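Heads up, model-v7.txt below (compact mmCIF, C-alpha atoms):
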```txt
# COMPACT_ATOMS: atom_id res chain seq x y z
CA MET A 1 24.40 5.62 -51.14
CA ARG A 2 21.60 7.73 -52.56
CA VAL A 3 22.28 11.31 -53.70
CA THR A 4 19.44 13.80 -54.15
CA PHE A 5 19.84 17.34 -55.51
CA PRO A 6 17.33 19.57 -53.69
CA GLY A 7 18.88 22.59 -55.39
CA VAL A 8 21.02 23.01 -58.51
CA GLY A 9 21.02 26.79 -59.07
CA GLU A 10 23.55 29.59 -58.76
CA ALA A 11 23.33 32.64 -56.51
CA PHE A 12 21.11 34.81 -58.70
CA ASP A 13 18.77 32.20 -60.18
CA GLU A 14 15.24 33.18 -59.15
CA THR A 15 13.72 29.91 -60.39
CA LEU A 16 16.10 27.26 -59.02
CA PRO A 17 17.14 26.76 -55.37
CA ASN A 18 20.81 27.21 -54.53
CA THR A 19 22.93 24.15 -55.18
CA CYS A 20 22.88 21.57 -52.39
CA LEU A 21 23.21 17.79 -52.21
CA LEU A 22 21.52 15.37 -49.83
CA LEU A 23 23.48 12.16 -49.21
CA GLU A 24 21.74 9.17 -47.62
CA ALA A 25 23.54 6.02 -46.55
CA GLY A 26 21.37 3.64 -44.60
CA GLU A 27 19.86 5.68 -41.77
CA ARG A 28 22.54 8.39 -41.96
CA SER A 29 22.23 11.58 -44.03
CA ALA A 30 24.24 14.69 -44.80
CA LEU A 31 23.54 17.97 -46.60
CA LEU A 32 26.29 19.50 -48.71
CA ASP A 33 25.99 23.31 -48.68
CA CYS A 34 23.04 25.31 -47.39
CA GLY A 35 22.62 28.64 -49.17
CA PHE A 36 19.92 31.32 -49.11
CA THR A 37 17.22 29.12 -50.68
CA ALA A 38 18.57 25.65 -49.90
CA ALA A 39 16.91 25.02 -46.53
CA HIS A 40 13.37 25.02 -47.93
CA ALA A 41 14.50 22.89 -50.88
CA PHE A 42 16.08 20.38 -48.51
CA TRP A 43 12.93 20.18 -46.44
CA ALA A 44 10.83 19.57 -49.55
CA CYS A 45 13.07 16.69 -50.71
CA ALA A 46 14.07 14.92 -47.52
CA GLY A 47 11.96 12.02 -46.38
CA ALA A 48 13.05 12.45 -42.76
CA PRO A 49 14.52 15.97 -42.48
CA LEU A 50 14.70 15.97 -38.68
CA ARG A 51 17.08 13.00 -38.84
CA LEU A 52 19.75 14.92 -40.80
CA ASP A 53 23.11 14.02 -39.25
CA ALA A 54 25.53 16.49 -40.82
CA VAL A 55 25.89 19.69 -42.84
CA TRP A 56 28.93 20.45 -44.98
CA ILE A 57 29.74 24.06 -45.90
CA SER A 58 32.17 24.49 -48.80
CA HIS A 59 32.81 28.21 -48.31
CA PHE A 60 31.38 31.37 -46.85
CA HIS A 61 29.52 32.91 -49.79
CA GLY A 62 25.85 33.44 -48.94
CA ASP A 63 24.46 31.10 -51.56
CA HIS A 64 26.39 28.29 -49.89
CA PHE A 65 25.95 28.91 -46.16
CA LEU A 66 23.38 31.58 -45.30
CA GLY A 67 20.53 29.06 -45.22
CA LEU A 68 21.99 27.63 -42.02
CA PRO A 69 20.06 29.93 -39.64
CA LEU A 70 16.75 28.93 -41.20
CA LEU A 71 17.69 25.24 -41.11
CA LEU A 72 18.68 25.44 -37.44
CA LEU A 73 15.55 27.41 -36.55
CA ARG A 74 13.33 24.88 -38.30
CA PHE A 75 15.01 22.10 -36.33
CA TRP A 76 14.29 24.06 -33.12
CA GLU A 77 10.68 24.70 -34.16
CA GLN A 78 10.13 20.99 -34.72
CA GLY A 79 11.73 19.92 -31.46
CA ARG A 80 15.06 18.49 -32.53
CA THR A 81 17.31 17.31 -29.69
CA ALA A 82 19.93 15.19 -31.50
CA PRO A 83 23.31 16.85 -32.13
CA LEU A 84 24.18 18.00 -35.66
CA ALA A 85 27.66 17.65 -37.14
CA LEU A 86 28.87 20.79 -38.95
CA LEU A 87 31.87 20.46 -41.23
CA GLY A 88 33.68 23.00 -43.37
CA PRO A 89 36.63 25.40 -43.59
CA ARG A 90 38.37 26.92 -40.60
CA GLY A 91 35.90 29.19 -38.80
CA VAL A 92 32.76 27.31 -39.84
CA GLY A 93 31.50 27.04 -36.27
CA GLU A 94 32.05 30.71 -35.48
CA LEU A 95 30.37 31.80 -38.73
CA ALA A 96 27.37 29.57 -38.06
CA VAL A 97 26.94 31.13 -34.62
CA ARG A 98 27.29 34.68 -35.96
CA ALA A 99 24.82 34.04 -38.78
CA MET A 100 22.28 32.56 -36.36
CA ASP A 101 22.62 35.48 -33.98
CA MET A 102 22.15 38.01 -36.78
CA ALA A 103 19.19 36.23 -38.38
CA TYR A 104 17.33 35.25 -35.21
CA PRO A 105 18.70 37.12 -32.16
CA GLY A 106 18.26 35.22 -28.94
CA PHE A 107 17.22 31.93 -30.49
CA ARG A 108 20.61 30.20 -30.35
CA ALA A 109 20.32 29.84 -26.57
CA ARG A 110 16.97 28.14 -27.07
CA LEU A 111 18.25 25.39 -29.34
CA ARG A 112 17.89 22.00 -27.70
CA PHE A 113 20.63 20.38 -29.76
CA GLY A 114 24.35 20.97 -30.05
CA LEU A 115 26.64 21.51 -33.03
CA GLU A 116 29.60 19.17 -33.35
CA VAL A 117 32.03 21.29 -35.35
CA HIS A 118 34.77 19.81 -37.54
CA GLU A 119 37.13 22.34 -39.14
CA MET A 120 38.50 20.64 -42.24
CA GLU A 121 41.88 20.90 -43.92
CA GLU A 122 43.59 19.26 -46.88
CA GLY A 123 45.34 15.98 -46.31
CA ARG A 124 43.14 14.84 -43.42
CA THR A 125 40.19 12.44 -43.46
CA VAL A 126 37.53 12.90 -40.81
CA GLU A 127 34.97 10.30 -39.75
CA ALA A 128 31.74 12.04 -38.78
CA ALA A 129 28.03 11.20 -38.85
CA GLY A 130 28.66 7.83 -40.49
CA PHE A 131 30.59 9.26 -43.45
CA ALA A 132 34.30 9.68 -44.27
CA TRP A 133 35.17 13.24 -45.31
CA ALA A 134 38.23 14.55 -47.16
CA CYS A 135 38.75 17.91 -48.87
CA ALA A 136 40.94 19.94 -51.21
CA LEU A 137 41.15 23.63 -52.04
CA ALA A 138 39.45 24.74 -55.27
CA ASP A 139 40.32 27.84 -57.32
CA HIS A 140 37.66 30.35 -56.27
CA GLY A 141 37.40 33.99 -55.23
CA ALA A 142 37.04 32.96 -51.59
CA PRO A 143 38.73 29.95 -49.98
CA CYS A 144 36.53 27.03 -51.02
CA LEU A 145 36.88 23.36 -50.15
CA ALA A 146 35.83 20.64 -52.54
CA VAL A 147 34.86 17.49 -50.67
CA ARG A 148 34.89 13.72 -51.13
CA VAL A 149 32.34 11.86 -49.02
CA GLN A 150 32.41 8.08 -48.70
CA ALA A 151 29.97 5.56 -47.24
CA GLU A 152 28.64 2.12 -48.10
CA GLY A 153 31.46 1.56 -50.58
CA ALA A 154 30.54 4.61 -52.69
CA ALA A 155 32.31 7.95 -53.10
CA VAL A 156 30.80 11.33 -54.02
CA PHE A 157 32.92 14.32 -55.04
CA TYR A 158 31.37 17.80 -54.77
CA SER A 159 33.31 20.78 -56.06
CA GLY A 160 31.63 23.60 -54.20
CA ASP A 161 32.54 26.63 -56.32
CA GLY A 162 35.72 27.03 -58.28
CA LYS A 163 37.92 25.80 -61.07
CA PRO A 164 39.62 22.43 -60.70
CA THR A 165 43.06 22.19 -59.13
CA ALA A 166 45.58 19.38 -58.86
CA GLY A 167 44.26 18.79 -55.36
CA THR A 168 40.60 18.54 -56.36
CA LEU A 169 41.51 16.25 -59.27
CA ALA A 170 43.29 13.86 -56.91
CA LEU A 171 40.33 14.03 -54.53
CA ALA A 172 37.87 13.08 -57.28
CA ARG A 173 39.87 10.09 -58.52
CA GLU A 174 37.52 7.21 -59.45
CA ALA A 175 34.56 8.71 -57.59
CA ASP A 176 31.19 7.14 -58.31
CA LEU A 177 29.69 10.60 -58.82
CA VAL A 178 31.24 13.99 -59.55
CA ALA A 179 28.94 16.95 -58.82
CA HIS A 180 30.79 19.89 -60.30
CA GLU A 181 29.89 23.53 -60.72
CA ALA A 182 29.90 24.69 -64.34
CA TYR A 183 28.95 28.34 -64.18
CA ALA A 184 29.91 29.08 -67.78
CA LEU A 185 29.40 27.14 -70.98
CA ASP A 186 32.73 27.96 -72.58
CA ALA A 187 33.86 31.49 -71.60
CA GLU A 188 36.33 31.80 -68.76
CA THR A 189 34.83 33.30 -65.58
CA PRO A 190 37.26 34.13 -62.74
CA GLY A 191 36.90 31.64 -59.93
CA HIS A 192 34.41 29.42 -61.73
CA GLY A 193 34.44 26.40 -64.00
CA THR A 194 32.92 25.61 -67.38
CA VAL A 195 30.84 22.77 -68.76
CA ALA A 196 33.69 21.60 -70.99
CA GLY A 197 36.12 21.88 -68.09
CA ALA A 198 33.90 19.79 -65.81
CA ILE A 199 33.63 17.07 -68.47
CA ASP A 200 37.40 17.05 -68.92
CA PHE A 201 37.90 17.00 -65.14
CA THR A 202 35.64 13.97 -64.76
CA ARG A 203 37.40 12.20 -67.61
CA ARG A 204 40.85 12.83 -66.10
CA ALA A 205 39.63 11.73 -62.68
CA ARG A 206 38.40 8.45 -64.23
CA ALA A 207 35.12 8.99 -62.41
CA ARG A 208 31.94 7.16 -63.36
CA ARG A 209 29.46 10.00 -63.86
CA LEU A 210 29.13 13.79 -63.82
CA TRP A 211 26.16 15.88 -62.70
CA LEU A 212 26.51 19.58 -63.45
CA VAL A 213 25.36 22.16 -60.90
CA HIS A 214 25.53 25.94 -60.37
CA VAL A 215 25.16 26.61 -64.11
CA ASN A 216 24.59 30.26 -64.99
CA ARG A 217 20.86 30.89 -65.31
CA ASP A 218 21.18 32.48 -68.78
CA VAL A 219 23.30 29.60 -70.04
CA ARG A 220 20.78 27.11 -68.68
CA ARG A 221 17.83 28.86 -70.34
CA GLU A 222 19.18 30.45 -73.50
CA ARG A 223 21.97 28.06 -74.48
CA ARG A 224 20.38 24.83 -73.30
CA ARG A 225 20.73 23.09 -76.67
CA GLU A 226 24.46 23.82 -76.84
CA LEU A 227 24.91 22.63 -73.28
CA GLU A 228 23.03 19.39 -73.87
CA ALA A 229 24.98 18.80 -77.09
CA LEU A 230 28.23 19.03 -75.10
CA LEU A 231 26.89 16.47 -72.66
CA ARG A 232 25.82 14.10 -75.45
CA ASP A 233 29.20 14.40 -77.15
CA ALA A 234 31.01 13.35 -73.97
CA ALA A 235 30.59 9.72 -74.93
CA ASP A 236 33.09 8.41 -72.36
CA VAL A 237 31.52 10.40 -69.49
CA GLU A 238 28.00 9.83 -68.21
CA ALA A 239 27.16 13.55 -68.00
CA PHE A 240 23.82 14.93 -66.86
CA LEU A 241 22.17 18.26 -66.02
CA PRO A 242 19.91 17.63 -63.02
CA GLU A 243 16.74 19.45 -62.06
CA PRO A 244 15.78 20.07 -58.41
CA GLY A 245 14.73 16.80 -56.79
CA ASP A 246 16.62 14.53 -59.19
CA ALA A 247 18.40 11.64 -57.47
CA VAL A 248 20.79 8.80 -58.21
CA SER A 249 21.64 5.62 -56.30
CA LEU A 250 25.31 4.62 -56.29
```
Here is a file; write its structure as structure tokens.
Amino acid sequence: MRVTFPGVGEAFDETLPNTCLLLEAGERSALLDCGFTAAHAFWACAGAPLRLDAVWISHFHGDHFLGLPLLLLRFWEQGRTAPLALLGPRGVGELAVRAMDMAYPGFRARLRFGLEVHEMEEGRTVEAAGFAWACALADHGAPCLAVRVQAEGAAVFYSGDGKPTAGTLALAREADLVAHEAYALDAETPGHGTVAGAIDFTRRARARRLWLVHVNRDVRRERRRELEALLRDAADVEAFLPEPGDAVSL
């Protein structure tokens, strides 16, 4: 499986697209989260964007799902007819419809492809779009599902937003890649994780590598040296701070 990071930024970062991951396994592909600025970033990174098979939404904060209307409209504009799987928390299908109707009134009826909605819950694995999906609830201000996606013998864990929980730790066990939000460097922020916490989480999960996303823009710019020192010191964890467009093959 190949994992590309079209966006790595948090909600207010004016220079980096919202965090999103593009997973590619053979001819199948999936996008994890689609916030305000993620749709354009996805289109810039994807080799065959019209062939996207699935979109995962971790939670209903705008920087994680309000790029959906633009994504769907772009698919319509370019003539897509193949169905698109949409996975996420309870209500993900209804919210997608409402967002589309608010952003582009009247266009939903003109779409020439359907949405295959999968409402996810803890303790259940769903097979969709060529991937196996499982989730667990993170500690965030809004209900947020971390996800484990498996294909081609590889497993990717993506935290969405939120501090680790016992459930997300179990979900990440021995994953080939952990993509974890680390909004703060060291200070506690309600509903968000830290760089040190993400490193410790990856270590306890016995996962192979950690890529940090959703880092606070001021931390990323003004405390970059401290952040990179923490990553270097994590000798038993292959920790990395990606830029938009960075990719890894698992």
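Those residues positioned at most 12 Å from (22.2, 20.4, -72.1) are Ala182, Leu185, Val195, Ala196, Trp211, Leu212, Val213, Val215, Val219, Arg220, Arg221, Glu222, Arg223, Arg224, Arg225, Glu226, Leu227, Glu228, Ala229, Leu230, Leu231, Arg232, Asp233, Ala234, Ala239, Phe240, Leu241, Pro242 and Glu243 of chain A, judged using all atoms listed in the file.
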Exercise. Expressed in Å to a single decimal, how great is the separation between CA of Ala151 in chain A and CA of Lys163 in chain A?
Worked result: 25.8 Å
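Look at Ser29 in chain A: the protein and nucleic acid residues within 10 Å of it, using only C-alpha atoms and passing over chain neighbours fewer than 4 places away, are Met1, Arg2, Val3, Leu22, Leu23, Glu24, Ala25, Ala46, Ala48, Pro49, Arg51, Leu52, Asp53, Ala54, Val55, Ala129, Gly130 and Phe131 of chain A.
Coordinates place CA of Glu94 in chain A at a distance of 16.0 Å from CA of Leu111 in chain A.
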For this session: Name the closest residue to Asp63 in chain A among the candidates A:Gly167, A:Gly47, A:Gly9, A:Gly91; distances are taken between atoms, counting all atoms listed in the file.
Result: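 Among the listed residues, A:Gly9 lies closest to Asp63 in chain A.
Picture a line from CA of Val92 in chain A to CA of Gly193 in chain A; it runs 24.2 Å.
Comparing A:Gly160, A:Gly245, A:Gly79, A:Gly141 by their smallest distance to Asp33 in chain A, the closest is A:Gly160 (using only C-alpha atoms).
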For this session: Compile the contact shell of Ala172 in chain A as a ChimeraX atom specification: residues with an atom at most 7 Å away, counting all atoms listed in the file, same-chain residues fewer than 4 positions apart removed.
Result: /A:148,157,168,205
Problem set entry | Nearest to Leu86 in chain A by atom-to-atom distance, counting all atoms listed in the file, from A:Leu32, A:Ala103, A:Ala138, A:Leu50 |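 The answer is A:Leu32, which sits nearest to Leu86 in chain A.
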Spatial sel., origin (42.2, 31.6, -60.2), limit 10 Å, only C-alpha atoms, listed as a PDB file with C-alpha atoms, keeping the file's coordinate frame:
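Result written to result.pdb:
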```pdb
ATOM      1  CA  ALA A 138      39.450  24.740 -55.270  1.00  0.00           C
ATOM      2  CA  ASP A 139      40.320  27.840 -57.320  1.00  0.00           C
ATOM      3  CA  HIS A 140      37.660  30.350 -56.270  1.00  0.00           C
ATOM      4  CA  GLY A 141      37.400  33.990 -55.230  1.00  0.00           C
ATOM      5  CA  GLY A 162      35.720  27.030 -58.280  1.00  0.00           C
ATOM      6  CA  LYS A 163      37.920  25.800 -61.070  1.00  0.00           C
ATOM      7  CA  PRO A 164      39.620  22.430 -60.700  1.00  0.00           C
ATOM      8  CA  THR A 165      43.060  22.190 -59.130  1.00  0.00           C
ATOM      9  CA  THR A 189      34.830  33.300 -65.580  1.00  0.00           C
ATOM     10  CA  PRO A 190      37.260  34.130 -62.740  1.00  0.00           C
ATOM     11  CA  GLY A 191      36.900  31.640 -59.930  1.00  0.00           C
ATOM     12  CA  HIS A 192      34.410  29.420 -61.730  1.00  0.00           C
TER      13      HIS A 192
END
```
Problem set entry | Residue nearest His214 in chain A - candidates A:His64, A:Leu31, A:Thr202, A:Thr125, atoms counted: all atoms listed in the file |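 Answer, going by the shortest atom-to-atom distance: A:His64.
Proximity to Ala11 in chain A was assessed for A:Phe107, A:Tyr183, A:Phe201, A:Trp76 counting only C-alpha atoms; the smallest distance is recorded for A:Tyr183.
Among the candidates A:Ala179, A:Arg209, A:Arg110, A:Arg204, the residue lying nearest to Arg80 in chain A is A:Arg110 (atoms considered: only C-alpha atoms).
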Exercise. Could you pull the residues within 10 Å of Ala166 in chain A, counting only C-alpha atoms, minus those fewer than 5 positions along the same chain, as a ChimeraX atom specification?
Worked result: /A:136-138,171
For this session: Excluding Val149 in chain A and residues on its chain fewer than 5 positions from it, collect all residues at most 8 Å away from it, counting only C-alpha atoms, and give them as a ChimeraX atom specification.
Result: /A:131-134,155-157
